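A.B. asks: Structure file my_file.txt, compact mmCIF, C-alpha atoms, is pasted below:
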```txt
# COMPACT_ATOMS: atom_id res chain seq x y z
CA MET W 1 62.61 -38.19 -2.16
CA LYS W 2 59.64 -36.11 -1.14
CA ILE W 3 61.30 -32.88 -0.05
CA PRO W 4 62.67 -31.83 -3.49
CA VAL W 5 59.24 -32.44 -5.05
CA VAL W 6 57.62 -30.19 -2.48
CA ARG W 7 60.33 -27.54 -3.02
CA ASN W 8 59.65 -27.47 -6.76
CA ILE W 9 55.95 -27.03 -6.14
CA LEU W 10 56.61 -24.22 -3.67
CA GLU W 11 58.99 -22.39 -6.06
CA ALA W 12 56.49 -22.60 -8.92
CA ASN W 13 53.80 -21.39 -6.51
CA ASP W 14 55.87 -18.39 -5.45
CA ARG W 15 56.21 -17.23 -9.06
CA ILE W 16 52.45 -17.42 -9.66
CA ALA W 17 51.68 -15.75 -6.31
CA ALA W 18 54.00 -12.88 -7.27
CA GLU W 19 52.01 -12.42 -10.49
CA ASN W 20 48.77 -12.38 -8.49
CA ARG W 21 50.27 -9.78 -6.15
CA ARG W 22 51.11 -7.55 -9.16
CA THR W 23 47.58 -7.96 -10.54
CA PHE W 24 46.01 -7.05 -7.19
CA ALA W 25 48.32 -4.02 -6.83
CA GLU W 26 47.60 -2.77 -10.37
CA ASN W 27 43.91 -2.87 -9.47
CA LYS W 28 44.48 -1.29 -6.02
CA VAL W 29 42.94 -4.24 -4.22
CA PHE W 30 44.06 -5.14 -0.69
CA VAL W 31 43.99 -8.90 -0.06
CA LEU W 32 43.72 -10.95 3.15
CA ASN W 33 44.19 -14.74 3.28
CA LEU W 34 42.09 -16.09 6.16
CA MET W 35 43.19 -19.42 7.62
CA SER W 36 42.30 -21.69 10.57
CA SER W 37 41.42 -25.23 11.63
CA PRO W 38 38.02 -26.48 10.47
CA GLY W 39 35.26 -24.81 12.49
CA ALA W 40 37.34 -22.10 14.17
CA GLY W 41 35.05 -19.44 12.71
CA LYS W 42 36.36 -18.22 9.34
CA THR W 43 32.94 -17.98 7.68
CA SER W 44 31.30 -16.38 10.75
CA LEU W 45 34.07 -13.78 10.88
CA LEU W 46 33.65 -13.11 7.19
CA GLU W 47 29.88 -12.62 7.57
CA ARG W 48 30.36 -10.22 10.49
CA THR W 49 33.11 -8.32 8.67
CA ILE W 50 30.99 -7.91 5.54
CA ASP W 51 28.06 -6.59 7.61
CA ALA W 52 30.31 -4.11 9.40
CA LEU W 53 32.40 -2.85 6.48
CA HIS W 54 30.53 -3.23 3.20
CA LYS W 55 29.26 0.36 3.26
CA ASP W 56 32.80 1.77 3.54
CA VAL W 57 34.81 -0.85 1.71
CA ARG W 58 33.99 -2.54 -1.61
CA MET W 59 34.56 -6.21 -0.81
CA GLY W 60 34.90 -9.44 -2.74
CA VAL W 61 35.38 -12.98 -1.42
CA ILE W 62 37.19 -16.06 -2.72
CA GLU W 63 35.89 -19.18 -0.94
CA GLY W 64 38.14 -22.22 -0.78
CA ASP W 65 36.59 -25.59 0.05
CA ILE W 66 37.50 -29.17 -0.68
CA GLN W 67 33.94 -29.84 -1.76
CA THR W 68 30.56 -28.11 -1.42
CA SER W 69 29.71 -24.42 -1.72
CA ILE W 70 28.00 -24.11 1.69
CA ASP W 71 30.14 -21.11 2.68
CA ALA W 72 30.01 -19.35 -0.68
CA LYS W 73 26.21 -19.52 -0.60
CA LYS W 74 26.16 -17.88 2.87
CA ILE W 75 28.46 -15.10 1.67
CA SER W 76 26.83 -14.41 -1.70
CA LYS W 77 23.50 -13.91 0.14
CA LYS W 78 25.06 -10.72 1.46
CA GLY W 79 25.29 -9.31 -2.06
CA ILE W 80 29.08 -9.50 -2.16
CA PRO W 81 30.92 -10.74 -5.29
CA THR W 82 31.95 -14.30 -4.38
CA VAL W 83 33.94 -16.94 -6.24
CA GLN W 84 34.02 -20.58 -5.13
CA ILE W 85 37.13 -22.74 -5.51
CA ASN W 86 36.61 -26.47 -4.96
CA THR W 87 40.02 -27.99 -4.42
CA ASN W 88 38.75 -31.60 -4.61
CA GLU W 89 41.31 -33.41 -2.50
CA ALA W 90 43.75 -30.54 -2.02
CA CYS W 91 44.11 -29.36 1.56
CA HIS W 92 45.02 -25.73 0.86
CA LEU W 93 44.70 -22.94 -1.70
CA ASP W 94 47.69 -22.09 -3.85
CA GLY W 95 48.68 -19.26 -6.16
CA ASN W 96 47.42 -21.02 -9.26
CA MET W 97 43.93 -21.62 -7.85
CA ILE W 98 43.65 -17.93 -6.95
CA ARG W 99 44.98 -16.96 -10.41
CA ALA W 100 42.18 -18.98 -12.00
CA THR W 101 39.49 -16.99 -10.13
CA LEU W 102 40.72 -13.53 -11.09
CA GLY W 103 38.77 -13.43 -14.36
CA SER W 104 35.57 -13.93 -12.36
CA LEU W 105 36.07 -10.91 -10.09
CA ASP W 106 35.85 -7.31 -11.33
CA LEU W 107 38.98 -6.23 -9.44
CA LYS W 108 38.76 -2.60 -10.59
CA SER W 109 35.49 -2.25 -8.64
CA LEU W 110 36.92 -3.68 -5.38
CA ASP W 111 39.02 -2.34 -2.48
CA LEU W 112 39.37 -5.56 -0.49
CA VAL W 113 39.35 -9.26 -1.33
CA ILE W 114 39.21 -11.78 1.51
CA ILE W 115 40.31 -15.31 0.65
CA GLU W 116 38.79 -17.95 2.93
CA ASN W 117 41.23 -20.85 2.84
CA VAL W 118 40.50 -24.55 3.38
CA GLY W 119 40.11 -25.40 7.08
CA ASN W 120 43.57 -26.62 8.00
CA LEU W 121 46.09 -25.26 10.51
CA VAL W 122 49.06 -26.73 8.64
CA CYS W 123 49.32 -26.68 4.85
CA PRO W 124 47.73 -23.32 3.89
CA ALA W 125 50.56 -21.53 5.74
CA GLU W 126 53.08 -22.95 3.26
CA PHE W 127 51.44 -21.46 0.17
CA ASP W 128 51.62 -17.81 -0.83
CA THR W 129 48.49 -16.82 -2.78
CA GLY W 130 49.57 -13.24 -3.50
CA GLU W 131 47.82 -11.77 -0.45
CA ASN W 132 49.00 -8.68 1.48
CA HIS W 133 48.57 -10.42 4.83
CA LYS W 134 47.82 -13.86 6.16
CA VAL W 135 45.33 -13.86 9.08
CA VAL W 136 44.92 -16.88 11.37
CA ILE W 137 41.94 -17.64 13.63
CA LEU W 138 42.42 -19.88 16.67
CA SER W 139 39.28 -20.72 18.66
CA VAL W 140 39.58 -21.30 22.40
CA PRO W 141 38.10 -24.84 22.39
CA GLU W 142 41.14 -25.89 20.32
CA GLY W 143 43.39 -25.33 23.33
CA ASP W 144 46.25 -23.02 24.25
CA ASP W 145 49.09 -25.27 23.04
CA LYS W 146 48.36 -24.77 19.34
CA PRO W 147 50.86 -21.96 18.53
CA SER W 148 53.67 -24.21 19.86
CA LYS W 149 52.40 -27.28 18.03
CA TYR W 150 51.61 -25.62 14.67
CA PRO W 151 54.21 -22.82 14.61
CA LEU W 152 54.44 -22.15 10.86
CA MET W 153 50.84 -20.88 10.72
CA PHE W 154 51.55 -18.33 13.47
CA HIS W 155 54.94 -17.45 12.02
CA GLU W 156 53.52 -16.64 8.58
CA SER W 157 50.48 -14.68 9.76
CA SER W 158 50.36 -10.96 10.47
CA VAL W 159 47.22 -11.16 12.60
CA LEU W 160 45.94 -13.72 15.12
CA LEU W 161 42.26 -13.63 16.01
CA ILE W 162 41.51 -15.60 19.20
CA ASN W 163 37.86 -16.50 18.60
CA LYS W 164 35.00 -17.95 20.68
CA ILE W 165 36.14 -16.20 23.87
CA ASP W 166 32.50 -16.56 25.04
CA LEU W 167 33.34 -20.25 25.61
CA LEU W 168 36.22 -19.48 28.03
CA PRO W 169 34.17 -20.34 31.15
CA HIS W 170 33.45 -23.81 29.71
CA VAL W 171 36.84 -24.94 28.43
CA GLU W 172 40.39 -25.26 29.73
CA CYS W 173 42.25 -22.59 27.81
CA SER W 174 44.49 -19.69 28.85
CA ILE W 175 44.43 -16.62 26.59
CA ASN W 176 47.73 -15.54 28.11
CA LYS W 177 49.34 -18.85 27.19
CA ILE W 178 48.09 -18.54 23.59
CA LYS W 179 49.45 -15.00 23.34
CA LYS W 180 52.79 -15.82 24.94
CA SER W 181 53.44 -18.85 22.74
CA ALA W 182 52.20 -17.13 19.57
CA LEU W 183 54.43 -14.10 20.20
CA LYS W 184 57.38 -16.40 20.84
CA VAL W 185 56.92 -17.82 17.33
CA ASN W 186 56.21 -14.38 15.83
CA PRO W 187 56.90 -11.28 17.96
CA LYS W 188 55.30 -8.98 15.34
CA LEU W 189 51.93 -10.77 15.46
CA LYS W 190 48.95 -8.45 15.98
CA ILE W 191 46.45 -10.17 18.30
CA PHE W 192 42.72 -9.57 18.77
CA GLU W 193 40.47 -11.45 21.23
CA ILE W 194 37.02 -11.84 19.71
CA SER W 195 33.71 -13.66 19.78
CA CYS W 196 31.77 -13.81 16.53
CA LYS W 197 28.79 -14.91 18.63
CA THR W 198 28.68 -12.00 21.13
CA GLU W 199 30.61 -9.56 18.85
CA GLU W 200 33.03 -8.81 21.69
CA GLY W 201 36.33 -7.44 20.39
CA LEU W 202 35.23 -7.29 16.76
CA SER W 203 35.33 -3.50 16.48
CA GLN W 204 39.12 -3.54 16.95
CA TRP W 205 39.43 -6.05 14.11
CA TYR W 206 37.17 -3.95 11.86
CA GLY W 207 39.29 -0.92 12.72
CA TRP W 208 42.50 -2.72 11.74
CA VAL W 209 41.04 -3.85 8.39
CA LYS W 210 39.64 -0.41 7.55
CA LYS W 211 42.89 1.35 8.41
CA LYS W 212 44.93 -1.08 6.33
CA VAL W 213 42.61 -0.91 3.32
CA HIS W 214 42.41 2.87 3.37
CA ALA W 215 46.17 3.30 3.74
CA TYR W 216 46.69 0.90 0.85
CA THR W 217 44.14 2.31 -1.58
CA ARG W 218 45.13 5.92 -0.76
CA ARG W 219 48.79 5.18 -1.39
CA LYS W 220 47.86 3.64 -4.72
CA SER W 221 45.69 6.65 -5.71
CA ASN W 222 48.57 9.08 -5.05
CA ARG W 223 50.89 7.43 -7.53
CA MET S 1 51.60 -31.36 -12.95
CA LYS S 2 50.91 -31.93 -9.28
CA ILE S 3 48.45 -34.82 -9.39
CA PRO S 4 50.85 -37.45 -10.83
CA VAL S 5 53.45 -36.54 -8.19
CA VAL S 6 50.90 -37.05 -5.43
CA ARG S 7 49.80 -40.36 -7.03
CA ASN S 8 53.38 -41.67 -7.00
CA ILE S 9 53.75 -40.76 -3.36
CA LEU S 10 50.47 -42.47 -2.48
CA GLU S 11 51.39 -45.66 -4.36
CA ALA S 12 54.78 -45.84 -2.65
CA ASN S 13 53.02 -45.20 0.65
CA ASP S 14 50.55 -48.04 0.09
CA ARG S 15 53.40 -50.52 -0.40
CA ILE S 16 55.09 -49.49 2.85
CA ALA S 17 51.79 -49.44 4.76
CA ALA S 18 51.13 -53.01 3.58
CA GLU S 19 54.51 -54.05 5.00
CA ASN S 20 53.62 -52.36 8.31
CA ARG S 21 50.29 -54.21 8.31
CA ARG S 22 52.12 -57.54 7.90
CA THR S 23 54.53 -56.67 10.73
CA PHE S 24 51.68 -55.73 13.07
CA ALA S 25 49.79 -58.93 12.18
CA GLU S 26 52.84 -61.15 12.71
CA ASN S 27 53.13 -59.65 16.19
CA LYS S 28 49.37 -59.88 16.86
CA VAL S 29 49.07 -56.16 17.45
CA PHE S 30 45.79 -54.36 16.70
CA VAL S 31 46.35 -50.80 15.43
CA LEU S 32 44.12 -47.70 15.44
CA ASN S 33 44.98 -44.48 13.60
CA LEU S 34 43.40 -41.56 15.49
CA MET S 35 42.73 -38.42 13.47
CA SER S 36 40.98 -35.04 13.91
CA SER S 37 41.33 -31.29 13.56
CA PRO S 38 43.76 -29.62 15.97
CA GLY S 39 42.25 -29.49 19.43
CA ALA S 40 39.31 -31.85 18.87
CA GLY S 41 40.53 -34.04 21.73
CA LYS S 42 42.83 -36.79 20.41
CA THR S 43 45.27 -36.63 23.32
CA SER S 44 42.51 -36.37 25.95
CA LEU S 45 40.79 -39.42 24.46
CA LEU S 46 44.08 -41.29 24.46
CA GLU S 47 44.71 -40.46 28.13
CA ARG S 48 41.20 -41.59 29.12
CA THR S 49 41.47 -44.77 27.04
CA ILE S 50 44.82 -45.70 28.58
CA ASP S 51 43.43 -45.19 32.10
CA ALA S 52 40.40 -47.35 31.31
CA LEU S 53 42.06 -50.18 29.39
CA HIS S 54 45.71 -50.54 30.38
CA LYS S 55 44.97 -53.30 32.90
CA ASP S 56 43.23 -55.46 30.28
CA VAL S 57 45.08 -54.45 27.13
CA ARG S 58 48.83 -54.00 26.67
CA MET S 59 49.03 -50.65 24.89
CA GLY S 60 51.63 -48.66 23.01
CA VAL S 61 51.35 -45.20 21.46
CA ILE S 62 52.90 -43.53 18.42
CA GLU S 63 52.60 -39.75 18.72
CA GLY S 64 52.69 -37.67 15.54
CA ASP S 65 53.38 -33.95 15.81
CA ILE S 66 54.85 -31.37 13.49
CA GLN S 67 57.08 -30.12 16.27
CA THR S 68 57.27 -30.52 20.06
CA SER S 69 56.69 -33.61 22.20
CA ILE S 70 54.01 -32.09 24.45
CA ASP S 71 51.58 -34.97 23.82
CA ALA S 72 54.16 -37.77 24.04
CA LYS S 73 55.24 -36.45 27.44
CA LYS S 74 51.64 -36.55 28.69
CA ILE S 75 51.22 -40.13 27.47
CA SER S 76 54.55 -41.52 28.64
CA LYS S 77 53.74 -40.29 32.18
CA LYS S 78 51.12 -43.03 32.20
CA GLY S 79 53.85 -45.67 31.92
CA ILE S 80 52.84 -46.66 28.37
CA PRO S 81 55.53 -47.30 25.70
CA THR S 82 55.45 -44.16 23.56
CA VAL S 83 57.33 -43.14 20.44
CA GLN S 84 57.37 -39.56 19.16
CA ILE S 85 57.44 -38.73 15.46
CA ASN S 86 58.19 -35.11 14.61
CA THR S 87 57.14 -34.56 11.01
CA ASN S 88 58.76 -31.10 10.76
CA GLU S 89 56.62 -29.47 8.08
CA ALA S 90 54.61 -32.52 7.07
CA CYS S 91 50.90 -32.29 7.79
CA HIS S 92 50.20 -36.02 8.24
CA LEU S 93 51.80 -39.33 9.17
CA ASP S 94 52.61 -41.78 6.39
CA GLY S 95 53.60 -45.44 6.18
CA ASN S 96 57.28 -44.70 6.12
CA MET S 97 57.21 -42.62 9.31
CA ILE S 98 55.38 -45.42 11.12
CA ARG S 99 57.83 -47.98 9.69
CA ALA S 100 60.71 -45.99 11.20
CA THR S 101 59.22 -46.22 14.71
CA LEU S 102 58.72 -49.98 14.74
CA GLY S 103 62.23 -50.72 15.98
CA SER S 104 61.49 -48.57 19.04
CA LEU S 105 58.39 -50.52 20.13
CA ASP S 106 58.53 -54.07 21.49
CA LEU S 107 55.58 -55.23 19.39
CA LYS S 108 55.62 -58.77 20.79
CA SER S 109 54.70 -57.38 24.22
CA LEU S 110 51.73 -55.30 22.94
CA ASP S 111 48.08 -56.00 22.02
CA LEU S 112 47.12 -52.53 20.83
CA VAL S 113 48.98 -49.60 19.29
CA ILE S 114 47.20 -46.27 18.94
CA ILE S 115 48.69 -43.83 16.45
CA GLU S 116 47.86 -40.19 17.22
CA ASN S 117 48.07 -38.42 13.88
CA VAL S 118 48.90 -34.74 13.22
CA GLY S 119 45.91 -32.47 13.90
CA ASN S 120 44.40 -32.09 10.44
CA LEU S 121 40.98 -33.07 9.10
CA VAL S 122 42.24 -33.37 5.52
CA CYS S 123 45.59 -34.94 4.65
CA PRO S 124 45.94 -37.77 7.22
CA ALA S 125 42.88 -39.47 5.64
CA GLU S 126 44.83 -39.91 2.38
CA PHE S 127 47.66 -41.91 3.91
CA ASP S 128 47.43 -45.54 4.97
CA THR S 129 49.84 -46.21 7.84
CA GLY S 130 49.11 -49.95 8.12
CA GLU S 131 46.42 -49.58 10.80
CA ASN S 132 43.40 -51.89 11.23
CA HIS S 133 41.01 -48.96 11.53
CA LYS S 134 41.03 -45.21 11.13
CA VAL S 135 39.13 -43.37 13.88
CA VAL S 136 38.06 -39.72 13.50
CA ILE S 137 37.12 -37.32 16.30
CA LEU S 138 34.88 -34.34 15.54
CA SER S 139 34.25 -31.92 18.41
CA VAL S 140 30.93 -30.07 18.56
CA PRO S 141 32.44 -26.53 18.55
CA GLU S 142 33.74 -27.30 15.04
CA GLY S 143 30.16 -27.31 13.73
CA ASP S 144 27.80 -29.81 12.18
CA ASP S 145 28.72 -29.16 8.53
CA LYS S 146 32.14 -30.81 8.74
CA PRO S 147 31.31 -34.30 7.39
CA SER S 148 29.93 -32.67 4.21
CA LYS S 149 32.88 -30.29 3.89
CA TYR S 150 35.67 -32.80 4.66
CA PRO S 151 34.13 -36.04 3.35
CA LEU S 152 37.27 -38.11 2.76
CA MET S 153 38.08 -38.24 6.48
CA PHE S 154 34.63 -39.60 7.29
CA HIS S 155 34.67 -41.94 4.30
CA GLU S 156 37.98 -43.53 5.30
CA SER S 157 37.22 -43.90 9.02
CA SER S 158 35.51 -46.88 10.66
CA VAL S 159 34.57 -44.94 13.81
CA LEU S 160 33.42 -41.36 14.43
CA LEU S 161 33.68 -40.01 17.97
CA ILE S 162 31.59 -36.85 18.44
CA ASN S 163 33.48 -35.20 21.31
CA LYS S 164 32.87 -32.29 23.70
CA ILE S 165 29.11 -32.95 23.89
CA ASP S 166 29.25 -31.11 27.26
CA LEU S 167 29.56 -27.91 25.17
CA LEU S 168 26.29 -28.50 23.27
CA PRO S 169 24.32 -25.95 25.36
CA HIS S 170 26.86 -23.25 24.44
CA VAL S 171 27.37 -23.76 20.70
CA GLU S 172 25.22 -24.04 17.58
CA CYS S 173 25.60 -27.65 16.59
CA SER S 174 23.15 -30.46 15.84
CA ILE S 175 24.31 -33.98 16.68
CA ASN S 176 21.64 -35.34 14.35
CA LYS S 177 22.98 -33.26 11.48
CA ILE S 178 26.51 -34.56 12.10
CA LYS S 179 25.29 -38.15 12.18
CA LYS S 180 23.11 -37.80 9.12
CA SER S 181 25.79 -36.18 6.97
CA ALA S 182 28.53 -38.55 8.21
CA LEU S 183 26.40 -41.62 7.46
CA LYS S 184 25.62 -40.21 4.01
CA VAL S 185 29.38 -40.19 3.28
CA ASN S 186 29.92 -43.56 4.97
CA PRO S 187 26.87 -45.66 5.89
CA LYS S 188 29.04 -48.20 7.78
CA LEU S 189 30.46 -45.59 10.19
CA LYS S 190 30.19 -46.55 13.87
CA ILE S 191 29.33 -43.40 15.87
CA PHE S 192 29.83 -42.64 19.57
CA GLU S 193 28.81 -39.40 21.32
CA ILE S 194 31.34 -38.62 24.05
CA SER S 195 32.79 -36.02 26.37
CA CYS S 196 36.37 -36.56 27.51
CA LYS S 197 35.66 -33.91 30.16
CA THR S 198 32.57 -35.47 31.80
CA GLU S 199 33.36 -39.05 30.59
CA GLU S 200 29.83 -39.33 29.16
CA GLY S 201 29.60 -42.01 26.48
CA LEU S 202 33.20 -43.21 26.91
CA SER S 203 32.30 -46.67 28.22
CA GLN S 204 30.75 -47.57 24.83
CA TRP S 205 33.99 -46.55 23.11
CA TYR S 206 36.09 -48.56 25.56
CA GLY S 207 33.77 -51.53 24.94
CA TRP S 208 34.24 -51.27 21.17
CA VAL S 209 38.06 -51.13 21.49
CA LYS S 210 38.22 -54.05 23.93
CA LYS S 211 35.95 -56.23 21.81
CA LYS S 212 37.96 -55.50 18.66
CA VAL S 213 41.33 -56.11 20.33
CA HIS S 214 40.22 -59.35 21.96
CA ALA S 215 38.64 -60.69 18.76
CA TYR S 216 41.83 -59.84 16.86
CA THR S 217 44.36 -61.26 19.30
CA ARG S 218 42.23 -64.39 19.91
CA ARG S 219 41.94 -65.04 16.19
CA LYS S 220 45.70 -64.71 15.87
CA SER S 221 46.35 -67.09 18.80
CA ASN S 222 44.18 -69.78 17.21
CA ARG S 223 46.23 -69.95 14.03
```
Represent the structure of the file as structure tokens.
C.D. replies:
Amino acid sequence: MKIPVVRNILEANDRIAAENRRTFAENKVFVLNLMSSPGAGKTSLLERTIDALHKDVRMGVIEGDIQTSIDAKKISKKGIPTVQINTNEACHLDGNMIRATLGSLDLKSLDLVIIENVGNLVCPAEFDTGENHKVVILSVPEGDDKPSKYPLMFHESSVLLINKIDLLPHVECSINKIKKSALKVNPKLKIFEISCKTEEGLSQWYGWVKKKVHAYTRRKSNR
Amino acid sequence: MKIPVVRNILEANDRIAAENRRTFAENKVFVLNLMSSPGAGKTSLLERTIDALHKDVRMGVIEGDIQTSIDAKKISKKGIPTVQINTNEACHLDGNMIRATLGSLDLKSLDLVIIENVGNLVCPAEFDTGENHKVVILSVPEGDDKPSKYPLMFHESSVLLINKIDLLPHVECSINKIKKSALKVNPKLKIFEISCKTEEGLSQWYGWVKKKVHAYTRRKSNR
């Protein structure tokens, strides 16, 4: 009984996400959909990325949370246009929720929008929001079996950020095992090892974002 | 459009969960539904709890995973009756999935069944499986803002286990803040601070489980 219901929801979502994608493209905005378990480091990564890139890249943020605006408050302190979505009970963002925020962001003035999804390693992977790429963060205290156990998230993402590598001496977790199992699920996955605490590895991530945004906005300008 | 669909599913689920609850009670089996984010330590806690209690308490385990049977293999090595549920894409266990496992467990020979839910701090809280108590694990690397950000999980649970306290010197996390915000959501929440690595605090948890199981099975015997 349940599967057809879910299918209908996903089909309707895909149509709305495609509209979002057209709107973003018309406004030359590159969009990343950032996903992870609760507490893997999405907001910390976002704060670091804003600090590193805001002079080169005009950024906006869409914050997804079940309740509260704790994260949106942190981000808006940085002077970045930020919209909060409170999903109430919903465990993921979908195309329609993102659609509803677009009137609150001046897309013409932005190069990059980062969507911070609800903390959940399962459901957000099922829902297209109209982004260019999905990005997943896995933190080392979560353990190295997660790409095998939650494969859809790693299959749908273009980038895997292995975060909190500063904790490696204190936890049982093999970076090689994470990489191997993640690449088995998705051989095209781009992987960065980072620590938002020590900043190790972050410059490679910043480089990837900048290159992608510039390639995208340049291509759009040449039309 | 989506809310009524979800409501129907939840109502149907409640009916099936109530049937499960009757079946467990008829067989004098006490049931805990163990929930957390991916990698917070559900399986480690289960392994420790089996080692500590299996001589006093006849235990069975229902393992919920999206894919793989990594956890069920770990548990069944301990000689405990174990049933694996693979949910495929579903992000939580529901009453019907638990119902389907009951033929595979000899309930008459058990005092306690622990259900290990899918790693997800959101959806599992919405679904009654027929358990006596929901138990949530929050690990300190996830951060101290989680009870505020994911309140339903903490509202629905009877017990909160704050795990990985051995990592406190290495992460930014206040145990007091976790407790305060969790008790704000649910003033009746029983809280234990534990480390499955160092075993700190686990004896209090074992004591709680034993007391609950014995009170339950004794009450049933006196009928």
A.B. asks: Using only C-alpha atoms, determine which residues lie at most 10 Å from Cys123 in chain S, disregarding the query and same-chain residues fewer than 6 positions distant; provide the list as a PyMOL selection string.
C.D. replies: (chain W and resi 89-92+120+122-123) or (chain S and resi 35+90-94+152-153)
A.B. asks: Out of S:Gly130, S:Gly39, S:Pro151, S:Gly207, which residue has the shortest atom-to-atom distance to chain W when counting only C-alpha atoms?
C.D. replies: S:Gly39
A.B. asks: Find the residues near Ile162 in chain S: any atom within 6 Å, counting only C-alpha atoms, skip ones fewer than 3 places away on the same chain, and give them as a CSV table (one decimal) with C-alpha atoms, keeping the file's coordinate frame.
C.D. replies:
```csv
chain,number,residue,atom,x,y,z
S,137,ILE,CA,37.1,-37.3,16.3
S,138,LEU,CA,34.9,-34.3,15.5
S,139,SER,CA,34.2,-31.9,18.4
S,193,GLU,CA,28.8,-39.4,21.3
S,194,ILE,CA,31.3,-38.6,24.0
```
A.B. asks: With a cut-off of 10 Å and counting only C-alpha atoms, select all residues of chain S in contact with chain W and give the selection as a PyMOL selection string.
C.D. replies: chain S and resi 1-3+5-6+9+36-41+65-71+88-92+118-123+126+138-146+148-152+164+166-167+170-172+197
A.B. asks: Kindly indicate which residue among W:Gly64, W:Pro124, W:Gly201, W:Pro187 lies nearest to Met97 in chain W, using all atoms listed in the file for the distances.
C.D. replies: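 With all atoms listed in the file as the atom set, the closest residue is W:Gly64.
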A.B. asks: Please, which residues in range 155-217 of chain S fall within 12 Å of range 25-34 of chain S when counting only C-alpha atoms, and what is the closest atom pair and distance in Å to one decimal for each, ordered by chain then residue number, as a Markdown table?
C.D. replies:
```
| residue | atom | partner | partner_atom | distance |
| --- | --- | --- | --- | --- |
| S:Glu156 | CA | S:Asn33 | CA | 10.9 |
| S:Ser157 | CA | S:Asn33 | CA | 9.0 |
| S:Ser158 | CA | S:Leu32 | CA | 9.9 |
| S:Val159 | CA | S:Leu34 | CA | 9.6 |
| S:Leu160 | CA | S:Leu34 | CA | 10.0 |
| S:Leu161 | CA | S:Leu34 | CA | 10.2 |
| S:Trp208 | CA | S:Leu32 | CA | 12.0 |
| S:Val209 | CA | S:Leu32 | CA | 9.2 |
| S:Lys210 | CA | S:Phe30 | CA | 10.5 |
| S:Lys211 | CA | S:Phe30 | CA | 11.2 |
| S:Lys212 | CA | S:Phe30 | CA | 8.2 |
| S:Val213 | CA | S:Phe30 | CA | 6.0 |
| S:His214 | CA | S:Phe30 | CA | 9.1 |
| S:Ala215 | CA | S:Phe30 | CA | 9.8 |
| S:Tyr216 | CA | S:Phe30 | CA | 6.8 |
| S:Thr217 | CA | S:Lys28 | CA | 5.7 |
```
A.B. asks: Could you please determine the separation between CA of Ser76 in chain W and CA of Ile98 in chain W in Å, to one decimal place?
C.D. replies: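 Value for the CA of Ser76 in chain W-CA of Ile98 in chain W distance: 18.0 Å.
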A.B. asks: Quick one, how far is CA of Lys179 in chain S from CA of Ile191 in chain S?
C.D. replies: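 Separation of CA of Lys179 in chain S and CA of Ile191 in chain S: 7.6 Å.
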A.B. asks: Kindly give the distance, in Å, that separates CA of Val57 in chain S and CA of Lys108 in chain S, rounded to a single decimal.
C.D. replies: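 Taking CA of Val57 in chain S and CA of Lys108 in chain S, their separation equals 13.0 Å.
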A.B. asks: Could you give me, as a count of residues only, the residues that have an atom at most 6 Å away from the point (38.5, -8.0, 10.6) in the coordinates of the file, using all atoms listed in the file?
C.D. replies: 4
A.B. asks: What's the 9 Å shell around Leu45 in chain W, counting only C-alpha atoms, without same-chain residues fewer than 5 positions away, as a PyMOL selection string?
C.D. replies: chain W and resi 50+195-196+202
A.B. asks: When you look at Leu105 in chain S with a cut-off of 8 Å (counting all atoms listed in the file), what residues show up, excluding the ones that are within fewer than 3 positions of it in the same chain? I need them as a list in words.
C.D. replies: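 What passes the distance filter is Gly60, Pro81, Thr82, Val83, Thr101 and Leu102 of chain S.
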A.B. asks: Using all atoms listed in the file, which residue out of W:Lys190, W:Arg22, W:Lys184, W:Lys42 lies closest to Ile75 in chain W?
C.D. replies: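 Using all atoms listed in the file, Ile75 in chain W sits closest to W:Lys42.
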A.B. asks: Determine, counting all atoms listed in the file, every residue of protein, DNA or RNA that lies within 7 Å of (34.1, -4.7, -4.4) in the file coordinates, then give the result as a PDB file with C-alpha atoms, keeping the file's coordinate frame.
C.D. replies:
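File out.pdb, as written:
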```pdb
ATOM      1  CA  ARG W  58      33.990  -2.540  -1.610  1.00  0.00           C
ATOM      2  CA  MET W  59      34.560  -6.210  -0.810  1.00  0.00           C
ATOM      3  CA  GLY W  60      34.900  -9.440  -2.740  1.00  0.00           C
ATOM      4  CA  PRO W  81      30.920 -10.740  -5.290  1.00  0.00           C
ATOM      5  CA  SER W 109      35.490  -2.250  -8.640  1.00  0.00           C
ATOM      6  CA  LEU W 110      36.920  -3.680  -5.380  1.00  0.00           C
ATOM      7  CA  ASP W 111      39.020  -2.340  -2.480  1.00  0.00           C
ATOM      8  CA  LEU W 112      39.370  -5.560  -0.490  1.00  0.00           C
TER       9      LEU W 112
END
```
A.B. asks: Specify the axis-aligned box that encloses all atoms of range 111-125 of chain W listed in the file after padding of 3 Å on each side, stating its centre and edge lengths in Å to one decimal as lines of an AutoDock Vina configuration file.
C.D. replies:
```
center_x = 44.7
center_y = -14.5
center_z = 4.0
size_x = 17.8
size_y = 30.4
size_z = 19.0
```
A.B. asks: Find the residues around range 13-17 of chain W up to 9 Å (all atoms listed in the file counted), leave out those fewer than 2 positions away in its own chain, and share them as number ranges by chain.
C.D. replies: W: 8-11, 19-22, 94-96, 98-99, 127-131
A.B. asks: Just checking: using only C-alpha atoms, which residue out of S:Arg48, S:Lys78, S:Gln84, S:Lys188 ends up closest to Glu63 in chain S?
C.D. replies: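 The shortest atom-to-atom distance to Glu63 in chain S comes from S:Gln84.
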